[in-house]
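As provided, query05.txt (compact mmCIF, N, CA and C atoms) reads as follows.
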# COMPACT_ATOMS: atom_id res chain seq x y z
N MET T 1 -5.08 66.42 4.24
CA MET T 1 -4.20 65.30 4.01
C MET T 1 -2.84 65.60 4.61
N ARG T 2 -2.25 64.61 5.23
CA ARG T 2 -0.93 64.76 5.81
C ARG T 2 0.07 64.09 4.87
N ASP T 3 1.17 64.78 4.60
CA ASP T 3 2.20 64.28 3.70
C ASP T 3 3.29 63.65 4.53
N HIS T 4 3.27 62.33 4.64
CA HIS T 4 4.28 61.59 5.38
C HIS T 4 5.28 61.04 4.37
N GLY T 5 6.30 61.83 4.09
CA GLY T 5 7.24 61.43 3.06
C GLY T 5 6.59 61.59 1.71
N ARG T 6 6.26 60.47 1.08
CA ARG T 6 5.67 60.53 -0.26
C ARG T 6 4.19 60.15 -0.29
N VAL T 7 3.69 59.51 0.75
CA VAL T 7 2.31 59.05 0.75
C VAL T 7 1.44 60.07 1.47
N LYS T 8 0.32 60.41 0.86
CA LYS T 8 -0.63 61.32 1.49
C LYS T 8 -1.65 60.47 2.25
N VAL T 9 -1.77 60.75 3.54
CA VAL T 9 -2.71 60.05 4.40
C VAL T 9 -3.67 61.09 4.94
N SER T 10 -4.95 60.79 4.99
CA SER T 10 -5.92 61.74 5.52
C SER T 10 -5.63 61.98 7.00
N THR T 11 -6.07 63.11 7.49
CA THR T 11 -5.92 63.42 8.91
C THR T 11 -6.65 62.37 9.73
N ARG T 12 -7.84 61.98 9.28
CA ARG T 12 -8.60 60.94 10.01
C ARG T 12 -7.82 59.63 10.06
N GLY T 13 -7.21 59.25 8.93
CA GLY T 13 -6.43 58.02 8.91
C GLY T 13 -5.22 58.09 9.82
N ASP T 14 -4.53 59.21 9.78
CA ASP T 14 -3.36 59.41 10.64
C ASP T 14 -3.76 59.35 12.11
N TYR T 15 -4.82 60.06 12.48
CA TYR T 15 -5.26 60.08 13.87
C TYR T 15 -5.73 58.70 14.32
N ALA T 16 -6.45 57.99 13.46
CA ALA T 16 -6.93 56.65 13.82
C ALA T 16 -5.75 55.72 14.07
N ALA T 17 -4.74 55.76 13.20
CA ALA T 17 -3.57 54.91 13.37
C ALA T 17 -2.83 55.28 14.66
N ARG T 18 -2.71 56.56 14.94
CA ARG T 18 -2.03 56.99 16.16
C ARG T 18 -2.79 56.56 17.41
N ALA T 19 -4.11 56.66 17.38
CA ALA T 19 -4.93 56.27 18.53
C ALA T 19 -4.84 54.77 18.78
N LEU T 20 -4.96 53.97 17.72
CA LEU T 20 -4.89 52.52 17.90
C LEU T 20 -3.48 52.07 18.28
N LEU T 21 -2.47 52.74 17.77
CA LEU T 21 -1.10 52.43 18.19
C LEU T 21 -0.94 52.73 19.68
N SER T 22 -1.52 53.82 20.14
CA SER T 22 -1.46 54.15 21.57
C SER T 22 -2.12 53.05 22.39
N LEU T 23 -3.29 52.58 21.95
CA LEU T 23 -3.96 51.48 22.67
C LEU T 23 -3.09 50.23 22.68
N ALA T 24 -2.45 49.94 21.56
CA ALA T 24 -1.59 48.75 21.47
C ALA T 24 -0.35 48.89 22.36
N LEU T 25 0.23 50.09 22.40
CA LEU T 25 1.43 50.32 23.22
C LEU T 25 1.13 50.20 24.71
N HIS T 26 -0.07 50.57 25.11
CA HIS T 26 -0.45 50.57 26.52
C HIS T 26 -1.52 49.52 26.79
N GLU T 27 -1.48 48.45 26.03
CA GLU T 27 -2.53 47.44 26.10
C GLU T 27 -2.68 46.87 27.50
N SER T 28 -3.92 46.85 27.93
CA SER T 28 -4.25 46.23 29.21
C SER T 28 -5.71 45.81 29.14
N ASP T 29 -6.16 45.14 30.18
CA ASP T 29 -7.56 44.74 30.23
C ASP T 29 -8.45 45.92 30.60
N ARG T 30 -7.84 46.97 31.15
CA ARG T 30 -8.58 48.16 31.56
C ARG T 30 -8.82 49.05 30.34
N PRO T 31 -10.06 49.45 30.12
CA PRO T 31 -10.32 50.37 29.01
C PRO T 31 -9.60 51.69 29.20
N THR T 32 -9.20 52.30 28.09
CA THR T 32 -8.50 53.58 28.11
C THR T 32 -9.48 54.67 27.67
N SER T 33 -9.59 55.73 28.47
CA SER T 33 -10.53 56.80 28.15
C SER T 33 -10.05 57.59 26.93
N VAL T 34 -10.99 58.22 26.26
CA VAL T 34 -10.66 59.07 25.12
C VAL T 34 -9.73 60.19 25.59
N LYS T 35 -10.00 60.72 26.76
CA LYS T 35 -9.16 61.80 27.31
C LYS T 35 -7.72 61.33 27.45
N GLU T 36 -7.52 60.12 27.98
CA GLU T 36 -6.17 59.58 28.16
C GLU T 36 -5.47 59.37 26.81
N ILE T 37 -6.20 58.84 25.84
CA ILE T 37 -5.62 58.64 24.50
C ILE T 37 -5.26 60.00 23.90
N ALA T 38 -6.14 60.98 24.05
CA ALA T 38 -5.88 62.32 23.51
C ALA T 38 -4.64 62.93 24.15
N GLU T 39 -4.48 62.75 25.45
CA GLU T 39 -3.31 63.31 26.14
C GLU T 39 -2.02 62.62 25.69
N ARG T 40 -2.07 61.29 25.55
CA ARG T 40 -0.87 60.55 25.15
C ARG T 40 -0.46 60.85 23.72
N THR T 41 -1.43 61.07 22.85
CA THR T 41 -1.14 61.26 21.42
C THR T 41 -1.11 62.72 21.00
N ASN T 42 -1.54 63.61 21.89
CA ASN T 42 -1.63 65.04 21.59
C ASN T 42 -2.61 65.31 20.44
N LEU T 43 -3.70 64.53 20.43
CA LEU T 43 -4.74 64.70 19.41
C LEU T 43 -5.94 65.40 20.04
N PRO T 44 -6.71 66.16 19.25
CA PRO T 44 -7.88 66.85 19.80
C PRO T 44 -8.98 65.86 20.21
N GLN T 45 -9.40 65.93 21.46
CA GLN T 45 -10.34 64.96 22.00
C GLN T 45 -11.67 64.87 21.25
N PRO T 46 -12.32 66.00 20.89
CA PRO T 46 -13.61 65.87 20.19
C PRO T 46 -13.49 65.13 18.85
N TYR T 47 -12.44 65.41 18.10
CA TYR T 47 -12.22 64.75 16.81
C TYR T 47 -11.88 63.28 17.04
N LEU T 48 -11.09 63.01 18.07
CA LEU T 48 -10.69 61.64 18.41
C LEU T 48 -11.92 60.80 18.76
N GLU T 49 -12.89 61.39 19.43
CA GLU T 49 -14.12 60.66 19.78
C GLU T 49 -14.83 60.17 18.52
N GLN T 50 -14.92 61.03 17.50
CA GLN T 50 -15.55 60.65 16.23
C GLN T 50 -14.77 59.52 15.56
N ILE T 51 -13.47 59.63 15.57
CA ILE T 51 -12.62 58.63 14.92
C ILE T 51 -12.75 57.28 15.62
N LEU T 52 -12.77 57.30 16.96
CA LEU T 52 -12.89 56.05 17.70
C LEU T 52 -14.25 55.39 17.47
N LEU T 53 -15.28 56.19 17.28
CA LEU T 53 -16.59 55.61 16.94
C LEU T 53 -16.53 54.91 15.58
N ALA T 54 -15.82 55.49 14.63
CA ALA T 54 -15.69 54.87 13.30
C ALA T 54 -14.91 53.56 13.40
N VAL T 55 -13.80 53.53 14.14
CA VAL T 55 -13.03 52.29 14.23
C VAL T 55 -13.77 51.25 15.07
N LYS T 56 -14.61 51.71 15.99
CA LYS T 56 -15.46 50.78 16.74
C LYS T 56 -16.47 50.13 15.78
N GLY T 57 -17.06 50.96 14.93
CA GLY T 57 -18.02 50.44 13.95
C GLY T 57 -17.41 49.42 13.00
N ALA T 58 -16.11 49.55 12.78
CA ALA T 58 -15.40 48.61 11.91
C ALA T 58 -14.92 47.37 12.68
N GLY T 59 -15.20 47.34 13.99
CA GLY T 59 -14.83 46.17 14.78
C GLY T 59 -13.37 46.12 15.21
N LEU T 60 -12.69 47.27 15.18
CA LEU T 60 -11.27 47.28 15.56
C LEU T 60 -11.07 47.56 17.05
N VAL T 61 -12.03 48.24 17.67
CA VAL T 61 -11.99 48.49 19.11
C VAL T 61 -13.36 48.17 19.70
N ARG T 62 -13.36 47.96 21.01
CA ARG T 62 -14.60 47.81 21.78
C ARG T 62 -14.63 48.93 22.80
N SER T 63 -15.81 49.31 23.24
CA SER T 63 -15.91 50.37 24.23
C SER T 63 -16.71 49.91 25.43
N LYS T 64 -16.44 50.57 26.55
CA LYS T 64 -17.19 50.34 27.78
C LYS T 64 -17.62 51.71 28.26
N ARG T 65 -18.88 51.85 28.61
CA ARG T 65 -19.40 53.14 29.08
C ARG T 65 -19.28 53.25 30.59
N GLY T 66 -19.43 54.47 31.05
CA GLY T 66 -19.49 54.72 32.48
C GLY T 66 -18.14 54.89 33.14
N VAL T 67 -18.15 54.87 34.48
CA VAL T 67 -16.93 55.03 35.26
C VAL T 67 -15.96 53.91 34.91
N GLY T 68 -14.73 54.28 34.63
CA GLY T 68 -13.73 53.28 34.24
C GLY T 68 -13.90 52.82 32.80
N GLY T 69 -14.73 53.53 32.07
CA GLY T 69 -14.98 53.15 30.68
C GLY T 69 -13.91 53.68 29.75
N GLY T 70 -14.04 53.32 28.50
CA GLY T 70 -13.10 53.73 27.48
C GLY T 70 -13.02 52.69 26.38
N TYR T 71 -11.87 52.61 25.77
CA TYR T 71 -11.69 51.73 24.61
C TYR T 71 -10.58 50.71 24.84
N VAL T 72 -10.76 49.53 24.25
CA VAL T 72 -9.74 48.49 24.19
C VAL T 72 -9.72 47.96 22.76
N LEU T 73 -8.60 47.41 22.35
CA LEU T 73 -8.54 46.79 21.02
C LEU T 73 -9.48 45.59 21.00
N ALA T 74 -10.18 45.40 19.91
CA ALA T 74 -11.12 44.29 19.79
C ALA T 74 -10.41 42.99 19.38
N ARG T 75 -9.21 43.14 18.82
CA ARG T 75 -8.45 41.97 18.37
C ARG T 75 -7.00 42.14 18.79
N ASP T 76 -6.26 41.09 18.66
CA ASP T 76 -4.83 41.12 18.94
C ASP T 76 -4.16 42.10 17.99
N PRO T 77 -3.17 42.89 18.46
CA PRO T 77 -2.48 43.83 17.58
C PRO T 77 -1.85 43.18 16.34
N LYS T 78 -1.54 41.89 16.40
CA LYS T 78 -0.99 41.18 15.24
C LYS T 78 -2.02 41.00 14.15
N GLU T 79 -3.29 41.19 14.50
CA GLU T 79 -4.38 40.95 13.54
C GLU T 79 -5.00 42.22 12.99
N ILE T 80 -4.47 43.39 13.39
CA ILE T 80 -5.03 44.66 12.92
C ILE T 80 -3.99 45.35 12.04
N THR T 81 -4.34 45.56 10.78
CA THR T 81 -3.39 46.16 9.84
C THR T 81 -3.67 47.64 9.63
N LEU T 82 -2.65 48.33 9.15
CA LEU T 82 -2.83 49.74 8.80
C LEU T 82 -3.90 49.90 7.73
N ALA T 83 -3.97 48.97 6.80
CA ALA T 83 -4.99 49.05 5.75
C ALA T 83 -6.39 49.03 6.36
N GLU T 84 -6.62 48.18 7.35
CA GLU T 84 -7.93 48.11 8.01
C GLU T 84 -8.25 49.41 8.75
N ILE T 85 -7.25 49.97 9.41
CA ILE T 85 -7.46 51.19 10.18
C ILE T 85 -7.85 52.33 9.24
N LEU T 86 -7.11 52.49 8.16
CA LEU T 86 -7.42 53.57 7.22
C LEU T 86 -8.77 53.35 6.55
N ALA T 87 -9.08 52.11 6.20
CA ALA T 87 -10.37 51.82 5.57
C ALA T 87 -11.52 52.10 6.53
N ALA T 88 -11.30 51.91 7.82
CA ALA T 88 -12.35 52.14 8.82
C ALA T 88 -12.79 53.60 8.85
N VAL T 89 -11.86 54.51 8.63
CA VAL T 89 -12.20 55.94 8.72
C VAL T 89 -12.33 56.63 7.38
N ASP T 90 -11.72 56.07 6.34
CA ASP T 90 -11.73 56.72 5.03
C ASP T 90 -12.45 55.92 3.95
N GLY T 91 -12.90 54.74 4.27
CA GLY T 91 -13.51 53.88 3.27
C GLY T 91 -12.46 53.02 2.60
N PRO T 92 -12.87 52.15 1.70
CA PRO T 92 -11.94 51.23 1.05
C PRO T 92 -10.80 51.96 0.35
N LEU T 93 -9.63 51.35 0.37
CA LEU T 93 -8.45 51.95 -0.25
C LEU T 93 -8.33 51.62 -1.72
N THR T 94 -9.29 50.92 -2.27
CA THR T 94 -9.24 50.53 -3.67
C THR T 94 -10.01 51.53 -4.52
N THR T 95 -9.43 51.92 -5.64
CA THR T 95 -10.11 52.79 -6.59
C THR T 95 -10.93 51.91 -7.52
N LEU T 96 -12.22 52.16 -7.57
CA LEU T 96 -13.08 51.39 -8.45
C LEU T 96 -13.39 52.20 -9.69
N VAL T 97 -13.31 51.56 -10.82
CA VAL T 97 -13.62 52.23 -12.09
C VAL T 97 -14.83 51.51 -12.67
N ASP T 98 -15.95 52.21 -12.73
CA ASP T 98 -17.17 51.61 -13.24
C ASP T 98 -17.07 51.35 -14.74
N GLU T 99 -16.69 52.35 -15.48
CA GLU T 99 -16.52 52.17 -16.91
C GLU T 99 -15.39 53.07 -17.38
N HIS T 100 -14.66 52.58 -18.33
CA HIS T 100 -13.51 53.35 -18.82
C HIS T 100 -13.97 54.49 -19.71
N ASP T 101 -13.33 55.61 -19.48
CA ASP T 101 -13.55 56.80 -20.27
C ASP T 101 -12.44 56.81 -21.31
N HIS T 102 -12.76 56.82 -22.57
CA HIS T 102 -11.75 56.71 -23.63
C HIS T 102 -11.29 58.06 -24.16
N CYS T 103 -11.46 59.11 -23.38
CA CYS T 103 -11.04 60.45 -23.82
C CYS T 103 -9.54 60.62 -23.62
N GLU T 104 -8.83 60.74 -24.71
CA GLU T 104 -7.41 61.07 -24.72
C GLU T 104 -6.58 60.39 -23.62
N GLY T 105 -6.60 59.08 -23.61
CA GLY T 105 -5.73 58.33 -22.70
C GLY T 105 -6.24 58.21 -21.28
N HIS T 106 -7.43 58.73 -21.00
CA HIS T 106 -7.94 58.69 -19.64
C HIS T 106 -8.06 57.26 -19.13
N CYS T 107 -8.43 56.31 -20.01
CA CYS T 107 -8.58 54.92 -19.57
C CYS T 107 -7.25 54.35 -19.07
N VAL T 108 -6.14 54.76 -19.70
CA VAL T 108 -4.82 54.31 -19.25
C VAL T 108 -4.54 54.83 -17.84
N LEU T 109 -4.86 56.09 -17.60
CA LEU T 109 -4.66 56.67 -16.27
C LEU T 109 -5.54 55.97 -15.23
N GLN T 110 -6.78 55.67 -15.60
CA GLN T 110 -7.67 54.98 -14.67
C GLN T 110 -7.08 53.63 -14.26
N GLU T 111 -6.51 52.90 -15.22
CA GLU T 111 -5.90 51.61 -14.92
C GLU T 111 -4.72 51.77 -13.96
N ILE T 112 -3.94 52.83 -14.16
CA ILE T 112 -2.80 53.08 -13.27
C ILE T 112 -3.28 53.43 -11.87
N TRP T 113 -4.33 54.27 -11.74
CA TRP T 113 -4.83 54.63 -10.41
C TRP T 113 -5.30 53.39 -9.67
N VAL T 114 -5.96 52.48 -10.36
CA VAL T 114 -6.42 51.23 -9.73
C VAL T 114 -5.21 50.42 -9.28
N CYS T 115 -4.21 50.31 -10.12
CA CYS T 115 -3.01 49.54 -9.79
C CYS T 115 -2.30 50.13 -8.56
N VAL T 116 -2.14 51.44 -8.54
CA VAL T 116 -1.47 52.10 -7.42
C VAL T 116 -2.27 51.92 -6.14
N SER T 117 -3.59 52.04 -6.23
CA SER T 117 -4.44 51.85 -5.05
C SER T 117 -4.29 50.43 -4.50
N GLU T 118 -4.27 49.45 -5.40
CA GLU T 118 -4.13 48.07 -4.96
C GLU T 118 -2.76 47.83 -4.32
N GLU T 119 -1.72 48.43 -4.88
CA GLU T 119 -0.38 48.28 -4.30
C GLU T 119 -0.31 48.93 -2.93
N MET T 120 -0.92 50.08 -2.78
CA MET T 120 -0.92 50.77 -1.48
C MET T 120 -1.68 49.94 -0.45
N ARG T 121 -2.86 49.45 -0.81
CA ARG T 121 -3.65 48.62 0.10
C ARG T 121 -2.86 47.39 0.51
N SER T 122 -2.20 46.76 -0.46
CA SER T 122 -1.39 45.57 -0.18
C SER T 122 -0.24 45.90 0.76
N SER T 123 0.45 47.01 0.50
CA SER T 123 1.58 47.41 1.35
C SER T 123 1.12 47.71 2.76
N LEU T 124 0.06 48.49 2.90
CA LEU T 124 -0.43 48.83 4.23
C LEU T 124 -0.98 47.60 4.96
N GLY T 125 -1.46 46.64 4.19
CA GLY T 125 -1.97 45.41 4.78
C GLY T 125 -0.88 44.52 5.36
N ARG T 126 0.36 44.78 5.01
CA ARG T 126 1.47 43.98 5.55
C ARG T 126 1.95 44.47 6.91
N TYR T 127 1.54 45.67 7.32
CA TYR T 127 1.99 46.22 8.60
C TYR T 127 0.87 46.16 9.63
N THR T 128 1.14 45.49 10.73
CA THR T 128 0.17 45.36 11.80
C THR T 128 0.50 46.30 12.94
N LEU T 129 -0.46 46.46 13.85
CA LEU T 129 -0.19 47.25 15.05
C LEU T 129 0.97 46.64 15.84
N ALA T 130 1.06 45.32 15.85
CA ALA T 130 2.17 44.67 16.56
C ALA T 130 3.51 45.08 15.94
N ASP T 131 3.59 45.17 14.61
CA ASP T 131 4.82 45.63 13.95
C ASP T 131 5.17 47.04 14.41
N LEU T 132 4.15 47.91 14.48
CA LEU T 132 4.38 49.30 14.87
C LEU T 132 4.78 49.41 16.33
N VAL T 133 4.19 48.58 17.18
CA VAL T 133 4.59 48.57 18.59
C VAL T 133 6.06 48.17 18.71
N GLY T 134 6.45 47.12 18.00
CA GLY T 134 7.85 46.67 18.03
C GLY T 134 8.79 47.75 17.55
N ARG T 135 8.41 48.41 16.48
CA ARG T 135 9.26 49.48 15.93
C ARG T 135 9.37 50.63 16.91
N THR T 136 8.27 50.99 17.55
CA THR T 136 8.27 52.09 18.50
C THR T 136 9.16 51.77 19.70
N ARG T 137 9.12 50.53 20.14
CA ARG T 137 9.88 50.16 21.34
C ARG T 137 11.37 50.02 21.09
N VAL T 138 11.79 49.68 19.87
CA VAL T 138 13.22 49.51 19.59
C VAL T 138 13.84 50.69 18.85
N GLY T 139 13.05 51.62 18.47
CA GLY T 139 13.56 52.76 17.69
C GLY T 139 12.70 52.92 16.47
N HIS T 140 13.19 53.67 15.52
CA HIS T 140 12.37 53.97 14.35
C HIS T 140 12.83 53.28 13.09
N ARG T 141 13.59 52.23 13.20
CA ARG T 141 13.97 51.47 12.01
C ARG T 141 12.81 50.53 11.68
N LEU T 142 12.29 50.62 10.47
CA LEU T 142 11.12 49.84 10.09
C LEU T 142 11.51 48.40 9.80
N PRO T 143 11.04 47.46 10.65
CA PRO T 143 11.33 46.05 10.35
C PRO T 143 10.47 45.59 9.17
N ALA T 144 10.95 44.56 8.52
CA ALA T 144 10.18 43.99 7.42
C ALA T 144 8.90 43.43 7.99
N PRO T 145 7.77 43.55 7.30
CA PRO T 145 6.53 42.98 7.80
C PRO T 145 6.65 41.46 7.86
N ALA T 146 5.87 40.87 8.77
CA ALA T 146 5.90 39.43 8.93
C ALA T 146 5.52 38.74 7.63
N ALA T 147 6.19 37.65 7.34
CA ALA T 147 5.90 36.89 6.12
C ALA T 147 4.48 36.39 6.15
N GLY T 148 3.80 36.53 5.06
CA GLY T 148 2.43 36.03 4.95
C GLY T 148 1.39 36.94 5.57
N SER T 149 1.81 38.07 6.15
CA SER T 149 0.81 38.95 6.75
C SER T 149 0.48 40.10 5.84
Give the structure from this file in structure tokens form.
Amino acid sequence: MRDHGRVKVSTRGDYAARALLSLALHESDRPTSVKEIAERTNLPQPYLEQILLAVKGAGLVRSKRGVGGGYVLARDPKEITLAEILAAVDGPLTTLVDEHDHCEGHCVLQEIWVCVSEEMRSSLGRYTLADLVGRTRVGHRLPAPAAGS
């Protein structure tokens, strides 16, 4: 897990977000090879290949095989959220509680974990790749996410 300030993000989630941000920053009709993404992001290519397969399976990128092959975003960067990217590689961001355990306040903690998970999913869902591209291009001041997104 990578500690970015206060939020712990898995290495897979961090790498997936970095790879898709790279695709969004250099968006073109030409597919980008895994090697090129790895060089731009300084991520290990073999691990990046696995991550890109996971985000492809989630419908966030498309791939083309052969000479000139690689990856392109499957949707507009305005339509891809950080929550979707993390869920693609780490599974859903929501904590599910099948049944409450009533041992010494454990049920209260379970309710809090669910609440925090929902808040995190909601927060990450407000930031799109387009937001991150804009932030990267103008500096590192985080703009407010688009209303309604």
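Using only C-alpha atoms, the smallest distance between any of T:Val138, T:Val72, T:Cys107, T:Val116 and Leu21 (chain T) comes from T:Val72.
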### Query
What gap, in Å, lies between CA of Ala38 (chain T) and CA of Gly69 (chain T)?
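Taking CA of Ala38 (chain T) and CA of Gly69 (chain T), their separation equals 14.8 Å.
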### Task
Rounded to one decimal place, report the atom C of Lys35 (chain T)-atom C of Arg126 (chain T) distance in Å.
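Going from atom C of Lys35 (chain T) over to atom C of Arg126 (chain T) covers 28.3 Å.
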### Query
Mind checking DSSP for region 40-131 of chain T and telling me the helix (DSSP H, G or I) residues as JSON, numbers by chain?
{"T": [40, 41, 45, 46, 47, 48, 49, 50, 51, 52, 53, 54, 55, 56, 57, 77, 78, 79, 82, 83, 84, 85, 86, 87, 88, 89, 90, 106, 107, 108, 109, 110, 111, 112, 113, 114, 115, 116, 117, 118, 119, 120, 121, 122, 123, 124, 125, 129, 130, 131]}
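Closest approach to Val34 (chain T) among T:Arg18, T:Gly13, T:Ser122, T:Tyr71 is made by T:Tyr71 (distances from only C-alpha atoms).
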#### Entry: Backbone DSSP call of strand (DSSP E) for region 6-139 of chain T, listed as a PyMOL selection string
chain T and resi 7-9+61-64+70-73
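For the pair CA of Thr41 (chain T) and atom C of Glu119 (chain T), the interatomic distance is 27.3 Å.
Of the residues under consideration (T:Leu25, T:Ala58, T:Ala19, T:Leu73), T:Ala19 shows the shortest atom-to-atom contact distance to Asn42 (chain T) when counting only C-alpha atoms.
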Close residues, region 47-53 of chain T itself excluded, 8 Å, only C-alpha atoms, min 2 positions apart in chain, as a tab-separated table (two decimals) with N, CA and C atoms, in the coordinates of the input:
chain	number	residue	atom	x	y	z
T	12	ARG	N	-7.84	61.98	9.28
T	12	ARG	CA	-8.60	60.94	10.01
T	12	ARG	C	-7.82	59.63	10.06
T	15	TYR	N	-4.82	60.06	12.48
T	15	TYR	CA	-5.26	60.08	13.87
T	15	TYR	C	-5.73	58.70	14.32
T	16	ALA	N	-6.45	57.99	13.46
T	16	ALA	CA	-6.93	56.65	13.82
T	16	ALA	C	-5.75	55.72	14.07
T	19	ALA	N	-4.11	56.66	17.38
T	19	ALA	CA	-4.93	56.27	18.53
T	19	ALA	C	-4.84	54.77	18.78
T	34	VAL	N	-10.99	58.22	26.26
T	34	VAL	CA	-10.66	59.07	25.12
T	34	VAL	C	-9.73	60.19	25.59
T	38	ALA	N	-6.14	60.98	24.05
T	38	ALA	CA	-5.88	62.32	23.51
T	38	ALA	C	-4.64	62.93	24.15
T	43	LEU	N	-3.70	64.53	20.43
T	43	LEU	CA	-4.74	64.70	19.41
T	43	LEU	C	-5.94	65.40	20.04
T	44	PRO	N	-6.71	66.16	19.25
T	44	PRO	CA	-7.88	66.85	19.80
T	44	PRO	C	-8.98	65.86	20.21
T	45	GLN	N	-9.40	65.93	21.46
T	45	GLN	CA	-10.34	64.96	22.00
T	45	GLN	C	-11.67	64.87	21.25
T	55	VAL	N	-13.80	53.53	14.14
T	55	VAL	CA	-13.03	52.29	14.23
T	55	VAL	C	-13.77	51.25	15.07
T	56	LYS	N	-14.61	51.71	15.99
T	56	LYS	CA	-15.46	50.78	16.74
T	56	LYS	C	-16.47	50.13	15.78
T	57	GLY	N	-17.06	50.96	14.93
T	57	GLY	CA	-18.02	50.44	13.95
T	57	GLY	C	-17.41	49.42	13.00
T	61	VAL	N	-12.03	48.24	17.67
T	61	VAL	CA	-11.99	48.49	19.11
T	61	VAL	C	-13.36	48.17	19.70
T	89	VAL	N	-11.86	54.51	8.63
T	89	VAL	CA	-12.20	55.94	8.72
T	89	VAL	C	-12.33	56.63	7.38
### Task
Please return, as a VMD selection string, all polymer residues that have at least one atom within 6.5 Å of the point (-4.8, 46.8, 19.4); use all atoms listed in the file and the file's own coordinate frame.
chain T and resid 20 23 to 24 72 to 77 129
## Note on the structure
Ala87 (chain T) proximity check over T:Ala54, T:Val114, T:Glu27, T:Leu132, using all atoms listed in the file: winner is T:Ala54
### Task
Counting only C-alpha atoms, figure out which residue out of T:Ser123, T:Ser33, T:Gln110, T:Thr81 gets nearest to Arg65 (chain T).
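Closest candidate: T:Ser33.
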### Residues within 7 Å of Ala130 (chain T), only C-alpha atoms, excluding chain neighbours under 3 positions, as a ChimeraX atom specification
/T:77-78,133-134
### Query
Which residue out of T:Lys64, T:Leu124, T:Pro46, T:Val108 has the minimum interatomic distance to Leu82 (chain T) when all atoms listed in the file are used?
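Smallest distance to Leu82 (chain T) is found for T:Leu124.
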